[in-house]
file input-v6.pdb (PDB, C-alpha atoms, pLDDT in the B column)
ATOM      1  CA  GLU I   1     108.697  89.844 138.901  1.00 79.00           C
ATOM      2  CA  ALA I   2     109.757  92.278 136.179  1.00 78.00           C
ATOM      3  CA  GLN I   3     106.709  94.021 134.849  1.00 90.00           C
ATOM      4  CA  VAL I   4     104.990  97.111 133.521  1.00 94.00           C
ATOM      5  CA  THR I   5     101.720  97.903 135.249  1.00 95.00           C
ATOM      6  CA  GLN I   6      98.949 100.170 134.065  1.00 96.00           C
ATOM      7  CA  ASN I   7      95.945 101.503 135.935  1.00 97.00           C
ATOM      8  CA  PRO I   8      93.107 101.451 135.396  1.00 96.00           C
ATOM      9  CA  ARG I   9      92.705  98.535 132.990  1.00 95.00           C
ATOM     10  CA  TYR I  10      89.261  99.700 131.902  1.00 96.00           C
ATOM     11  CA  LEU I  11      87.779 103.168 132.059  1.00 96.00           C
ATOM     12  CA  ILE I  12      84.544 104.737 130.883  1.00 96.00           C
ATOM     13  CA  THR I  13      84.360 108.504 131.114  1.00 96.00           C
ATOM     14  CA  VAL I  14      82.583 111.483 129.585  1.00 96.00           C
ATOM     15  CA  THR I  15      83.821 114.174 127.266  1.00 97.00           C
ATOM     16  CA  GLY I  16      85.846 116.849 129.010  1.00 96.00           C
ATOM     17  CA  LYS I  17      86.447 115.083 132.303  1.00 96.00           C
ATOM     18  CA  LYS I  18      90.167 115.039 132.987  1.00 97.00           C
ATOM     19  CA  LEU I  19      91.728 111.639 133.545  1.00 97.00           C
ATOM     20  CA  THR I  20      95.115 110.094 134.186  1.00 98.00           C
ATOM     21  CA  VAL I  21      96.302 106.639 133.246  1.00 98.00           C
ATOM     22  CA  THR I  22      99.241 105.545 135.332  1.00 98.00           C
ATOM     23  CA  CYS I  23     102.174 103.472 134.156  1.00 98.00           C
ATOM     24  CA  SER I  24     104.857 102.043 136.397  1.00 97.00           C
ATOM     25  CA  GLN I  25     107.818  99.743 135.761  1.00 96.00           C
ATOM     26  CA  ASN I  26     110.057  97.977 138.262  1.00 94.00           C
ATOM     27  CA  MET I  27     113.024  97.277 135.993  1.00 91.00           C
ATOM     28  CA  ASN I  28     114.893 100.582 136.365  1.00 92.00           C
ATOM     29  CA  HIS I  29     114.382 101.295 132.668  1.00 91.00           C
ATOM     30  CA  GLU I  30     115.312 104.680 131.284  1.00 89.00           C
ATOM     31  CA  TYR I  31     113.050 104.566 128.231  1.00 90.00           C
ATOM     32  CA  MET I  32     109.255 104.638 128.549  1.00 93.00           C
ATOM     33  CA  SER I  33     106.583 105.187 125.949  1.00 93.00           C
ATOM     34  CA  TRP I  34     102.818 105.410 125.406  1.00 96.00           C
ATOM     35  CA  TYR I  35     100.966 104.000 122.414  1.00 95.00           C
ATOM     36  CA  ARG I  36      97.387 103.821 121.315  1.00 96.00           C
ATOM     37  CA  GLN I  37      96.067 100.893 119.333  1.00 94.00           C
ATOM     38  CA  ASP I  38      93.090 101.255 117.033  1.00 94.00           C
ATOM     39  CA  PRO I  39      91.607  98.632 114.700  1.00 89.00           C
ATOM     40  CA  GLY I  40      93.224  98.717 111.288  1.00 85.00           C
ATOM     41  CA  LEU I  41      95.748 101.346 112.337  1.00 88.00           C
ATOM     42  CA  GLY I  42      98.176  99.303 114.390  1.00 88.00           C
ATOM     43  CA  LEU I  43      99.998 101.038 117.225  1.00 91.00           C
ATOM     44  CA  ARG I  44     100.804 104.699 117.116  1.00 92.00           C
ATOM     45  CA  GLN I  45     103.219 106.305 119.479  1.00 92.00           C
ATOM     46  CA  ILE I  46     101.840 109.172 121.570  1.00 96.00           C
ATOM     47  CA  TYR I  47     104.810 110.265 123.676  1.00 95.00           C
ATOM     48  CA  TYR I  48     108.073 108.766 124.799  1.00 92.00           C
ATOM     49  CA  SER I  49     110.696 109.527 127.396  1.00 92.00           C
ATOM     50  CA  MET I  50     114.394 108.735 127.186  1.00 88.00           C
ATOM     51  CA  ASN I  51     114.935 109.426 130.877  1.00 89.00           C
ATOM     52  CA  VAL I  52     113.687 111.451 133.838  1.00 94.00           C
ATOM     53  CA  GLU I  53     112.546 114.932 132.807  1.00 95.00           C
ATOM     54  CA  VAL I  54     113.096 114.107 129.108  1.00 92.00           C
ATOM     55  CA  THR I  55     109.965 113.636 126.999  1.00 94.00           C
ATOM     56  CA  ASP I  56     109.331 113.824 123.260  1.00 92.00           C
ATOM     57  CA  LYS I  57     106.291 113.788 121.037  1.00 92.00           C
ATOM     58  CA  GLY I  58     105.517 110.680 119.069  1.00 90.00           C
ATOM     59  CA  ASP I  59     103.212 110.320 116.117  1.00 88.00           C
ATOM     60  CA  VAL I  60      99.910 111.402 117.698  1.00 95.00           C
ATOM     61  CA  PRO I  61     100.551 113.633 120.730  1.00 96.00           C
ATOM     62  CA  GLU I  62      97.554 115.975 120.303  1.00 97.00           C
ATOM     63  CA  GLY I  63      95.207 115.907 123.271  1.00 97.00           C
ATOM     64  CA  TYR I  64      97.670 114.160 125.571  1.00 98.00           C
ATOM     65  CA  LYS I  65     100.219 115.180 128.166  1.00 98.00           C
ATOM     66  CA  VAL I  66     102.888 113.209 129.958  1.00 98.00           C
ATOM     67  CA  SER I  67     105.388 113.765 132.717  1.00 96.00           C
ATOM     68  CA  ARG I  68     108.479 111.891 133.859  1.00 97.00           C
ATOM     69  CA  LYS I  69     109.348 113.061 137.342  1.00 97.00           C
ATOM     70  CA  GLU I  70     110.535 109.663 138.517  1.00 96.00           C
ATOM     71  CA  LYS I  71     112.249 106.917 136.617  1.00 95.00           C
ATOM     72  CA  ARG I  72     109.630 104.272 137.351  1.00 97.00           C
ATOM     73  CA  ASN I  73     106.465 106.264 136.505  1.00 98.00           C
ATOM     74  CA  PHE I  74     105.195 107.730 133.257  1.00 98.00           C
ATOM     75  CA  PRO I  75     101.554 108.861 133.572  1.00 98.00           C
ATOM     76  CA  LEU I  76      99.426 109.734 130.557  1.00 98.00           C
ATOM     77  CA  ILE I  77      97.095 112.675 131.089  1.00 98.00           C
ATOM     78  CA  LEU I  78      94.026 113.531 129.051  1.00 97.00           C
ATOM     79  CA  GLU I  79      93.101 117.057 130.104  1.00 95.00           C
ATOM     80  CA  SER I  80      89.819 117.149 128.181  1.00 97.00           C
ATOM     81  CA  PRO I  81      89.048 113.741 126.697  1.00 97.00           C
ATOM     82  CA  SER I  82      87.049 113.499 123.502  1.00 97.00           C
ATOM     83  CA  PRO I  83      85.338 110.507 121.873  1.00 97.00           C
ATOM     84  CA  ASN I  84      88.126 110.192 119.286  1.00 96.00           C
ATOM     85  CA  GLN I  85      90.448 109.253 122.147  1.00 98.00           C
ATOM     86  CA  THR I  86      88.484 106.080 122.732  1.00 98.00           C
ATOM     87  CA  SER I  87      91.162 103.460 122.239  1.00 97.00           C
ATOM     88  CA  LEU I  88      93.358 100.778 123.741  1.00 96.00           C
ATOM     89  CA  TYR I  89      96.440 102.295 125.354  1.00 97.00           C
ATOM     90  CA  PHE I  90      99.742 100.585 126.027  1.00 95.00           C
ATOM     91  CA  CYS I  91     102.670 101.708 128.084  1.00 95.00           C
ATOM     92  CA  ALA I  92     106.115 100.238 127.420  1.00 93.00           C
ATOM     93  CA  SER I  93     109.582 100.485 128.896  1.00 92.00           C
ATOM     94  CA  SER I  94     113.113  99.515 127.984  1.00 87.00           C
ATOM     95  CA  LEU I  95     116.733 100.010 128.850  1.00 81.00           C
ATOM     96  CA  ASN I  96     118.244 102.920 126.941  1.00 71.00           C
ATOM     97  CA  SER I  97     121.268 101.043 125.674  1.00 65.00           C
ATOM     98  CA  PRO I  98     123.566 102.334 122.931  1.00 60.00           C
ATOM     99  CA  SER I  99     122.734 101.688 119.311  1.00 57.00           C
ATOM    100  CA  GLY I 100     123.305  98.110 118.232  1.00 54.00           C
ATOM    101  CA  SER I 101     122.663  96.507 121.584  1.00 57.00           C
ATOM    102  CA  GLN I 102     119.838  94.200 122.448  1.00 54.00           C
ATOM    103  CA  GLU I 103     117.220  96.178 124.321  1.00 69.00           C
ATOM    104  CA  THR I 104     113.829  94.585 124.710  1.00 74.00           C
ATOM    105  CA  GLN I 105     110.763  96.744 125.060  1.00 80.00           C
ATOM    106  CA  TYR I 106     108.338  95.455 127.695  1.00 88.00           C
ATOM    107  CA  PHE I 107     104.667  96.259 127.295  1.00 90.00           C
ATOM    108  CA  GLY I 108     102.017  96.714 129.933  1.00 92.00           C
ATOM    109  CA  PRO I 109      98.690  94.852 129.747  1.00 91.00           C
ATOM    110  CA  GLY I 110      96.804  97.761 128.224  1.00 94.00           C
ATOM    111  CA  THR I 111      94.094 100.218 129.292  1.00 97.00           C
ATOM    112  CA  ARG I 112      90.842 100.223 127.407  1.00 96.00           C
ATOM    113  CA  LEU I 113      89.320 103.697 127.423  1.00 97.00           C
ATOM    114  CA  LEU I 114      85.825 104.671 126.306  1.00 97.00           C
ATOM    115  CA  VAL I 115      84.973 108.365 126.099  1.00 97.00           C
ATOM    116  CA  LEU I 116      81.256 109.085 125.776  1.00 96.00           C
TER     117      LEU I 116
ATOM    118  CA  ALA W   1     108.859 110.590 108.198  1.00 65.00           C
ATOM    119  CA  GLN W   2     109.344 106.893 108.256  1.00 75.00           C
ATOM    120  CA  SER W   3     106.592 104.471 107.392  1.00 86.00           C
ATOM    121  CA  VAL W   4     105.932 100.756 107.523  1.00 92.00           C
ATOM    122  CA  THR W   5     103.710  98.755 105.215  1.00 94.00           C
ATOM    123  CA  GLN W   6     102.565  95.265 106.094  1.00 95.00           C
ATOM    124  CA  LEU W   7     101.153  93.498 103.083  1.00 92.00           C
ATOM    125  CA  GLY W   8      98.082  91.516 104.013  1.00 91.00           C
ATOM    126  CA  SER W   9      96.060  92.293 107.106  1.00 93.00           C
ATOM    127  CA  HIS W  10      95.154  88.606 107.400  1.00 96.00           C
ATOM    128  CA  VAL W  11      97.249  85.541 106.598  1.00 97.00           C
ATOM    129  CA  SER W  12      96.042  81.962 107.001  1.00 97.00           C
ATOM    130  CA  VAL W  13      98.252  78.881 106.897  1.00 97.00           C
ATOM    131  CA  SER W  14      97.904  75.225 107.769  1.00 97.00           C
ATOM    132  CA  GLU W  15      99.767  73.801 110.722  1.00 97.00           C
ATOM    133  CA  GLY W  16     103.229  72.773 109.536  1.00 97.00           C
ATOM    134  CA  ALA W  17     103.238  75.141 106.565  1.00 97.00           C
ATOM    135  CA  LEU W  18     105.637  77.997 105.972  1.00 97.00           C
ATOM    136  CA  VAL W  19     104.730  81.312 107.550  1.00 97.00           C
ATOM    137  CA  LEU W  20     105.641  84.450 105.576  1.00 97.00           C
ATOM    138  CA  LEU W  21     104.587  87.870 106.838  1.00 98.00           C
ATOM    139  CA  ARG W  22     105.655  90.785 104.686  1.00 97.00           C
ATOM    140  CA  CYS W  23     106.980  94.127 105.827  1.00 96.00           C
ATOM    141  CA  ASN W  24     108.334  96.995 103.751  1.00 95.00           C
ATOM    142  CA  TYR W  25     109.619 100.227 105.181  1.00 92.00           C
ATOM    143  CA  SER W  26     110.642 103.642 104.033  1.00 88.00           C
ATOM    144  CA  SER W  27     113.458 105.414 105.782  1.00 75.00           C
ATOM    145  CA  SER W  28     115.893 108.124 104.850  1.00 68.00           C
ATOM    146  CA  VAL W  29     118.561 106.733 107.155  1.00 69.00           C
ATOM    147  CA  PRO W  30     119.657 103.207 108.036  1.00 68.00           C
ATOM    148  CA  PRO W  31     116.764 101.916 110.078  1.00 78.00           C
ATOM    149  CA  TYR W  32     116.320  99.743 113.092  1.00 85.00           C
ATOM    150  CA  LEU W  33     113.615  97.183 112.419  1.00 89.00           C
ATOM    151  CA  PHE W  34     111.489  95.126 114.761  1.00 91.00           C
ATOM    152  CA  TRP W  35     108.852  92.438 114.728  1.00 95.00           C
ATOM    153  CA  TYR W  36     106.415  92.181 117.621  1.00 94.00           C
ATOM    154  CA  VAL W  37     103.710  89.642 118.375  1.00 95.00           C
ATOM    155  CA  GLN W  38     100.464  90.312 120.217  1.00 93.00           C
ATOM    156  CA  TYR W  39      98.409  87.468 121.610  1.00 92.00           C
ATOM    157  CA  PRO W  40      94.727  88.116 122.376  1.00 87.00           C
ATOM    158  CA  ASN W  41      94.156  90.534 125.250  1.00 82.00           C
ATOM    159  CA  GLN W  42      97.849  90.974 125.866  1.00 85.00           C
ATOM    160  CA  GLY W  43     100.507  93.571 125.246  1.00 85.00           C
ATOM    161  CA  LEU W  44     103.178  93.270 122.597  1.00 89.00           C
ATOM    162  CA  GLN W  45     106.186  90.995 122.857  1.00 89.00           C
ATOM    163  CA  LEU W  46     109.410  91.480 120.928  1.00 89.00           C
ATOM    164  CA  LEU W  47     110.095  88.646 118.465  1.00 93.00           C
ATOM    165  CA  LEU W  48     113.314  89.936 116.935  1.00 91.00           C
ATOM    166  CA  LYS W  49     115.083  93.052 115.780  1.00 87.00           C
ATOM    167  CA  TYR W  50     117.625  94.238 113.238  1.00 86.00           C
ATOM    168  CA  THR W  51     120.199  96.826 114.295  1.00 77.00           C
ATOM    169  CA  SER W  52     122.699  96.859 111.395  1.00 73.00           C
ATOM    170  CA  ALA W  53     124.549  93.704 112.351  1.00 72.00           C
ATOM    171  CA  ALA W  54     123.742  90.428 110.553  1.00 82.00           C
ATOM    172  CA  THR W  55     121.054  90.803 107.902  1.00 87.00           C
ATOM    173  CA  LEU W  56     119.425  87.513 108.882  1.00 93.00           C
ATOM    174  CA  VAL W  57     118.012  87.863 112.358  1.00 92.00           C
ATOM    175  CA  LYS W  58     116.816  84.964 114.448  1.00 93.00           C
ATOM    176  CA  GLY W  59     114.181  85.511 117.075  1.00 92.00           C
ATOM    177  CA  ILE W  60     112.117  83.615 119.573  1.00 91.00           C
ATOM    178  CA  ASN W  61     109.713  80.766 118.817  1.00 92.00           C
ATOM    179  CA  GLY W  62     111.560  79.775 115.643  1.00 95.00           C
ATOM    180  CA  PHE W  63     110.925  83.010 113.767  1.00 96.00           C
ATOM    181  CA  GLU W  64     113.502  84.813 111.683  1.00 96.00           C
ATOM    182  CA  ALA W  65     113.610  87.832 109.414  1.00 96.00           C
ATOM    183  CA  GLU W  66     115.932  89.018 106.703  1.00 94.00           C
ATOM    184  CA  PHE W  67     116.839  92.642 106.120  1.00 92.00           C
ATOM    185  CA  LYS W  68     117.086  93.405 102.393  1.00 92.00           C
ATOM    186  CA  LYS W  69     118.180  96.951 101.844  1.00 88.00           C
ATOM    187  CA  SER W  70     117.706  96.837  98.074  1.00 89.00           C
ATOM    188  CA  GLU W  71     114.077  95.829  98.530  1.00 91.00           C
ATOM    189  CA  THR W  72     113.519  97.899 101.717  1.00 91.00           C
ATOM    190  CA  SER W  73     111.997  94.784 103.213  1.00 94.00           C
ATOM    191  CA  PHE W  74     112.116  92.913 106.497  1.00 95.00           C
ATOM    192  CA  HIS W  75     109.878  89.892 105.992  1.00 97.00           C
ATOM    193  CA  LEU W  76     109.180  87.517 108.876  1.00 98.00           C
ATOM    194  CA  THR W  77     109.303  83.774 108.307  1.00 97.00           C
ATOM    195  CA  LYS W  78     108.917  80.522 110.167  1.00 97.00           C
ATOM    196  CA  PRO W  79     109.478  77.185 108.412  1.00 97.00           C
ATOM    197  CA  SER W  80     106.664  75.318 110.128  1.00 97.00           C
ATOM    198  CA  ALA W  81     103.600  76.973 111.655  1.00 97.00           C
ATOM    199  CA  HIS W  82     102.228  75.856 114.976  1.00 96.00           C
ATOM    200  CA  MET W  83      98.763  76.453 116.354  1.00 96.00           C
ATOM    201  CA  SER W  84     100.286  78.571 119.113  1.00 95.00           C
ATOM    202  CA  ASP W  85     101.614  81.027 116.484  1.00 96.00           C
ATOM    203  CA  ALA W  86      98.124  82.368 115.886  1.00 96.00           C
ATOM    204  CA  ALA W  87      98.331  86.030 116.877  1.00 96.00           C
ATOM    205  CA  GLU W  88      98.699  89.505 115.446  1.00 95.00           C
ATOM    206  CA  TYR W  89     102.148  90.500 114.225  1.00 97.00           C
ATOM    207  CA  PHE W  90     103.477  94.016 113.933  1.00 95.00           C
ATOM    208  CA  CYS W  91     106.489  95.291 112.068  1.00 94.00           C
ATOM    209  CA  ALA W  92     108.066  98.503 113.368  1.00 91.00           C
ATOM    210  CA  VAL W  93     110.875 100.847 112.404  1.00 87.00           C
ATOM    211  CA  SER W  94     112.815 103.442 114.342  1.00 81.00           C
ATOM    212  CA  GLU W  95     115.818 105.585 113.687  1.00 69.00           C
ATOM    213  CA  ASN W  96     118.844 106.278 115.783  1.00 63.00           C
ATOM    214  CA  HIS W  97     117.836 108.751 118.437  1.00 63.00           C
ATOM    215  CA  ARG W  98     120.348 110.265 120.803  1.00 60.00           C
ATOM    216  CA  GLY W  99     122.527 107.226 120.399  1.00 58.00           C
ATOM    217  CA  SER W 100     119.832 104.654 121.099  1.00 62.00           C
ATOM    218  CA  THR W 101     117.911 102.311 118.849  1.00 61.00           C
ATOM    219  CA  LEU W 102     114.709 103.504 120.471  1.00 67.00           C
ATOM    220  CA  GLY W 103     112.967 106.804 120.123  1.00 71.00           C
ATOM    221  CA  ARG W 104     110.090 107.393 117.771  1.00 76.00           C
ATOM    222  CA  LEU W 105     108.722 104.035 116.717  1.00 81.00           C
ATOM    223  CA  TYR W 106     106.532 103.596 113.659  1.00 86.00           C
ATOM    224  CA  PHE W 107     104.367 100.494 113.522  1.00 90.00           C
ATOM    225  CA  GLY W 108     102.699  98.803 110.614  1.00 93.00           C
ATOM    226  CA  ARG W 109      98.981  98.140 110.783  1.00 93.00           C
ATOM    227  CA  GLY W 110      99.486  94.535 111.768  1.00 94.00           C
ATOM    228  CA  THR W 111      98.907  91.126 110.208  1.00 96.00           C
ATOM    229  CA  GLN W 112      96.559  88.669 111.858  1.00 96.00           C
ATOM    230  CA  LEU W 113      97.937  85.142 111.481  1.00 97.00           C
ATOM    231  CA  THR W 114      95.475  82.249 111.585  1.00 97.00           C
ATOM    232  CA  VAL W 115      96.784  78.691 111.767  1.00 97.00           C
ATOM    233  CA  TRP W 116      94.452  75.899 110.659  1.00 95.00           C
ATOM    234  CA  PRO W 117      94.816  72.372 112.074  1.00 93.00           C
TER     235      PRO W 117
END

call {"tool": "encode", "arguments": {"input": "input-v6.pdb", "output": "structure tokens"}}
result
Amino acid sequence: EAQVTQNPRYLITVTGKKLTVTCSQNMNHEYMSWYRQDPGLGLRQIYYSMNVEVTDKGDVPEGYKVSRKEKRNFPLILESPSPNQTSLYFCASSLNSPSGSQETQYFGPGTRLLVL
Amino acid sequence: AQSVTQLGSHVSVSEGALVLLRCNYSSSVPPYLFWYVQYPNQGLQLLLKYTSAATLVKGINGFEAEFKKSETSFHLTKPSAHMSDAAEYFCAVSENHRGSTLGRLYFGRGTQLTVWP
């Protein structure tokens, strides 16, 4: 089954304790992305990756790191989490087709993070 | 930077009524435009997208949207609402990035659609 998986689904942590949220897709997609969703703000893009070893900042990259060493995985790293990073996080992936084609972006189920 | 404005954070319609969800964007270059739907406790699902082909775009579940450059709008419509359409809807815009329609994506704040029986 084609899917994007995220782990963990729920996480409670304390300020300053490093954490990693994993994201994996089994569709051989080149493009992967991380978003955070906050009430009243919609989704904001944190980082995205057009392919292995290629990452770019999105709208709100501060406080986050990513890496893309393999095509299927795109982990999100919070080196020193703070309470303002409490949010719902989504990973997504897609084919990196040329402009005008019909890519579909597939979203993971989400990771709900609480930083105390 | 690009931006997306969704007019109305909440929209309520009766079952069978027309659904109209508004989206306006600002972009300095021809944009790529998307509508996504999010059902409770789920991720987002692509409804439809505009990539400079036909201005009227048909999507899944009977939804469609029309790109109007003069009004910088991409409103989502469905002729007859169904109870199962109740969800949150997000409009998004991106610009051509390294030859792809994907890259930095800017989302609106979302519109919660309620459908009354």

call {"tool": "closest_residue", "arguments": {"input": "input-v6.pdb", "among": "W:Arg104, W:Lys49, W:Met83, W:Arg109", "to": "I:Tyr31", "atoms": "all atoms listed in the file"}}
result
W:Arg104

call {"tool": "closest_atom_pairs", "arguments": {"input": "input-v6.pdb", "of": "chain I", "to": "chain W", "cutoff": "9 Å", "atoms": "only C-alpha atoms", "output": "tab-separated table"}}
result
residue	atom	partner	partner_atom	distance
I:Tyr31	CA	W:Leu102	CA	8.0
I:Ser33	CA	W:Gly103	CA	8.8
I:Pro39	CA	W:Arg109	CA	8.4
I:Gly40	CA	W:Arg109	CA	5.8
I:Leu41	CA	W:Arg109	CA	4.8
I:Gly42	CA	W:Arg109	CA	3.9
I:Leu43	CA	W:Phe107	CA	5.8
I:Arg44	CA	W:Phe107	CA	6.6
I:Gln45	CA	W:Leu105	CA	6.6
I:Tyr47	CA	W:Arg104	CA	8.4
I:Tyr48	CA	W:Gly103	CA	7.0
I:Ser49	CA	W:Gly103	CA	8.1
I:Met50	CA	W:Gly103	CA	7.5
I:Asp56	CA	W:Arg104	CA	8.5
I:Lys57	CA	W:Arg104	CA	8.1
I:Gly58	CA	W:Arg104	CA	5.8
I:Asp59	CA	W:Arg104	CA	7.7
I:Phe90	CA	W:Gly43	CA	7.1
I:Cys91	CA	W:Gly43	CA	8.9
I:Ala92	CA	W:Leu44	CA	9.0
I:Ser94	CA	W:Leu102	CA	8.7
I:Asn96	CA	W:Ser100	CA	6.3
I:Ser97	CA	W:Ser100	CA	6.0
I:Pro98	CA	W:Ser100	CA	4.8
I:Ser99	CA	W:Ser100	CA	4.5
I:Gly100	CA	W:Thr51	CA	5.2
I:Ser101	CA	W:Thr51	CA	7.7
I:Gln102	CA	W:Lys49	CA	8.3
I:Glu103	CA	W:Thr101	CA	8.2
I:Thr104	CA	W:Leu46	CA	6.6
I:Gln105	CA	W:Leu46	CA	6.8
I:Tyr106	CA	W:Gln45	CA	6.9
I:Phe107	CA	W:Gly43	CA	5.4
I:Gly108	CA	W:Gly43	CA	5.8
I:Pro109	CA	W:Gly43	CA	5.0
I:Gly110	CA	W:Gly43	CA	6.3

call {"tool": "atom_distance", "arguments": {"input": "input-v6.pdb", "atom1": "atom CA of I:Leu88", "atom2": "atom CA of I:Ser24"}}
result
17.1 Å

call {"tool": "closest_residue", "arguments": {"input": "input-v6.pdb", "among": "W:Val13, W:Leu7, W:Val115, W:Leu18", "to": "W:Phe74", "atoms": "all atoms listed in the file"}}
result
W:Leu7

call {"tool": "residues_near_point", "arguments": {"input": "input-v6.pdb", "point": "(88.2, 100.6, 133.1)", "cutoff": "12 Å", "atoms": "all atoms listed in the file", "output": "PDB file with C-alpha atoms, in the coordinates of the input"}}
result
ATOM      1  CA  GLN I   6      98.949 100.170 134.065  1.00 96.00           C
ATOM      2  CA  ASN I   7      95.945 101.503 135.935  1.00 97.00           C
ATOM      3  CA  PRO I   8      93.107 101.451 135.396  1.00 96.00           C
ATOM      4  CA  ARG I   9      92.705  98.535 132.990  1.00 95.00           C
ATOM      5  CA  TYR I  10      89.261  99.700 131.902  1.00 96.00           C
ATOM      6  CA  LEU I  11      87.779 103.168 132.059  1.00 96.00           C
ATOM      7  CA  ILE I  12      84.544 104.737 130.883  1.00 96.00           C
ATOM      8  CA  THR I  13      84.360 108.504 131.114  1.00 96.00           C
ATOM      9  CA  LEU I  19      91.728 111.639 133.545  1.00 97.00           C
ATOM     10  CA  THR I  20      95.115 110.094 134.186  1.00 98.00           C
ATOM     11  CA  VAL I  21      96.302 106.639 133.246  1.00 98.00           C
ATOM     12  CA  THR I  86      88.484 106.080 122.732  1.00 98.00           C
ATOM     13  CA  SER I  87      91.162 103.460 122.239  1.00 97.00           C
ATOM     14  CA  LEU I  88      93.358 100.778 123.741  1.00 96.00           C
ATOM     15  CA  TYR I  89      96.440 102.295 125.354  1.00 97.00           C
ATOM     16  CA  GLY I 110      96.804  97.761 128.224  1.00 94.00           C
ATOM     17  CA  THR I 111      94.094 100.218 129.292  1.00 97.00           C
ATOM     18  CA  ARG I 112      90.842 100.223 127.407  1.00 96.00           C
ATOM     19  CA  LEU I 113      89.320 103.697 127.423  1.00 97.00           C
ATOM     20  CA  LEU I 114      85.825 104.671 126.306  1.00 97.00           C
ATOM     21  CA  VAL I 115      84.973 108.365 126.099  1.00 97.00           C
TER      22      VAL I 115
END

call {"tool": "resolve_selection", "arguments": {"input": "input-v6.pdb", "expression": "the PyMOL selection byres ((chain W and resi 57) around 12)", "output": "list of chain:residue names"}}
result
W:Leu33, W:Phe34, W:Trp35, W:Leu47, W:Leu48, W:Lys49, W:Tyr50, W:Thr51, W:Ser52, W:Ala53, W:Ala54, W:Thr55, W:Leu56, W:Lys58, W:Gly59, W:Ile60, W:Gly62, W:Phe63, W:Glu64, W:Ala65, W:Glu66, W:Phe67, W:Lys68, W:Phe74, W:His75, W:Leu76, W:Thr77, W:Lys78

call {"tool": "write_last_selection", "arguments": {"input": "input-v6.pdb", "atoms": "C-alpha atoms", "output": "PDB file, keeping the file's coordinate frame"}}
result
ATOM      1  CA  LEU W  33     113.615  97.183 112.419  1.00 89.00           C
ATOM      2  CA  PHE W  34     111.489  95.126 114.761  1.00 91.00           C
ATOM      3  CA  TRP W  35     108.852  92.438 114.728  1.00 95.00           C
ATOM      4  CA  LEU W  47     110.095  88.646 118.465  1.00 93.00           C
ATOM      5  CA  LEU W  48     113.314  89.936 116.935  1.00 91.00           C
ATOM      6  CA  LYS W  49     115.083  93.052 115.780  1.00 87.00           C
ATOM      7  CA  TYR W  50     117.625  94.238 113.238  1.00 86.00           C
ATOM      8  CA  THR W  51     120.199  96.826 114.295  1.00 77.00           C
ATOM      9  CA  SER W  52     122.699  96.859 111.395  1.00 73.00           C
ATOM     10  CA  ALA W  53     124.549  93.704 112.351  1.00 72.00           C
ATOM     11  CA  ALA W  54     123.742  90.428 110.553  1.00 82.00           C
ATOM     12  CA  THR W  55     121.054  90.803 107.902  1.00 87.00           C
ATOM     13  CA  LEU W  56     119.425  87.513 108.882  1.00 93.00           C
ATOM     14  CA  LYS W  58     116.816  84.964 114.448  1.00 93.00           C
ATOM     15  CA  GLY W  59     114.181  85.511 117.075  1.00 92.00           C
ATOM     16  CA  ILE W  60     112.117  83.615 119.573  1.00 91.00           C
ATOM     17  CA  GLY W  62     111.560  79.775 115.643  1.00 95.00           C
ATOM     18  CA  PHE W  63     110.925  83.010 113.767  1.00 96.00           C
ATOM     19  CA  GLU W  64     113.502  84.813 111.683  1.00 96.00           C
ATOM     20  CA  ALA W  65     113.610  87.832 109.414  1.00 96.00           C
ATOM     21  CA  GLU W  66     115.932  89.018 106.703  1.00 94.00           C
ATOM     22  CA  PHE W  67     116.839  92.642 106.120  1.00 92.00           C
ATOM     23  CA  LYS W  68     117.086  93.405 102.393  1.00 92.00           C
ATOM     24  CA  PHE W  74     112.116  92.913 106.497  1.00 95.00           C
ATOM     25  CA  HIS W  75     109.878  89.892 105.992  1.00 97.00           C
ATOM     26  CA  LEU W  76     109.180  87.517 108.876  1.00 98.00           C
ATOM     27  CA  THR W  77     109.303  83.774 108.307  1.00 97.00           C
ATOM     28  CA  LYS W  78     108.917  80.522 110.167  1.00 97.00           C
TER      29      LYS W  78
END

call {"tool": "residues_near_point", "arguments": {"input": "input-v6.pdb", "point": "(115.0, 111.4, 137.6)", "cutoff": "12 Å", "atoms": "all atoms listed in the file", "output": "PyMOL selection string"}}
result
chain I and resi 28-31+49-55+67-74

call {"tool": "atom_distance", "arguments": {"input": "input-v6.pdb", "atom1": "atom CA of I:Lys17", "atom2": "atom CA of I:Thr5"}}
result
23.2 Å

call {"tool": "axis_aligned_box", "arguments": {"input": "input-v6.pdb", "around": "stretch 3-20 of chain I", "padding_each_side": "4 Å", "output": "lines of an AutoDock Vina configuration file"}}
result
center_x = 94.6
center_y = 105.4
center_z = 131.6
size_x = 32.1
size_y = 30.8
size_z = 16.7

call {"tool": "atom_distance", "arguments": {"input": "input-v6.pdb", "atom1": "atom CA of I:Pro61", "atom2": "atom CA of W:Gln38"}}
result
23.3 Å

call {"tool": "build_atoms", "arguments": {"input": "input-v6.pdb", "residues": "stretch 47-51 of chain I", "atoms": "N, CA and C atoms", "output": "mmCIF file, keeping the file's coordinate frame"}}
result
data_model
loop_
_atom_site.group_PDB
_atom_site.id
_atom_site.type_symbol
_atom_site.label_atom_id
_atom_site.label_comp_id
_atom_site.auth_asym_id
_atom_site.auth_seq_id
_atom_site.Cartn_x
_atom_site.Cartn_y
_atom_site.Cartn_z
ATOM 1 N N TYR I 47 103.668 109.588 123.092
ATOM 2 C CA TYR I 47 104.810 110.265 123.676
ATOM 3 C C TYR I 47 105.822 109.212 124.104
ATOM 4 N N TYR I 48 107.078 109.637 124.221
ATOM 5 C CA TYR I 48 108.073 108.766 124.799
ATOM 6 C C TYR I 48 109.030 109.590 125.649
ATOM 7 N N SER I 49 109.771 108.870 126.477
ATOM 8 C CA SER I 49 110.696 109.527 127.396
ATOM 9 C C SER I 49 111.987 108.728 127.440
ATOM 10 N N MET I 50 113.102 109.414 127.175
ATOM 11 C CA MET I 50 114.394 108.735 127.186
ATOM 12 C C MET I 50 114.972 108.643 128.599
ATOM 13 N N ASN I 51 114.479 109.477 129.488
ATOM 14 C CA ASN I 51 114.935 109.426 130.877
ATOM 15 C C ASN I 51 114.123 110.429 131.696
#
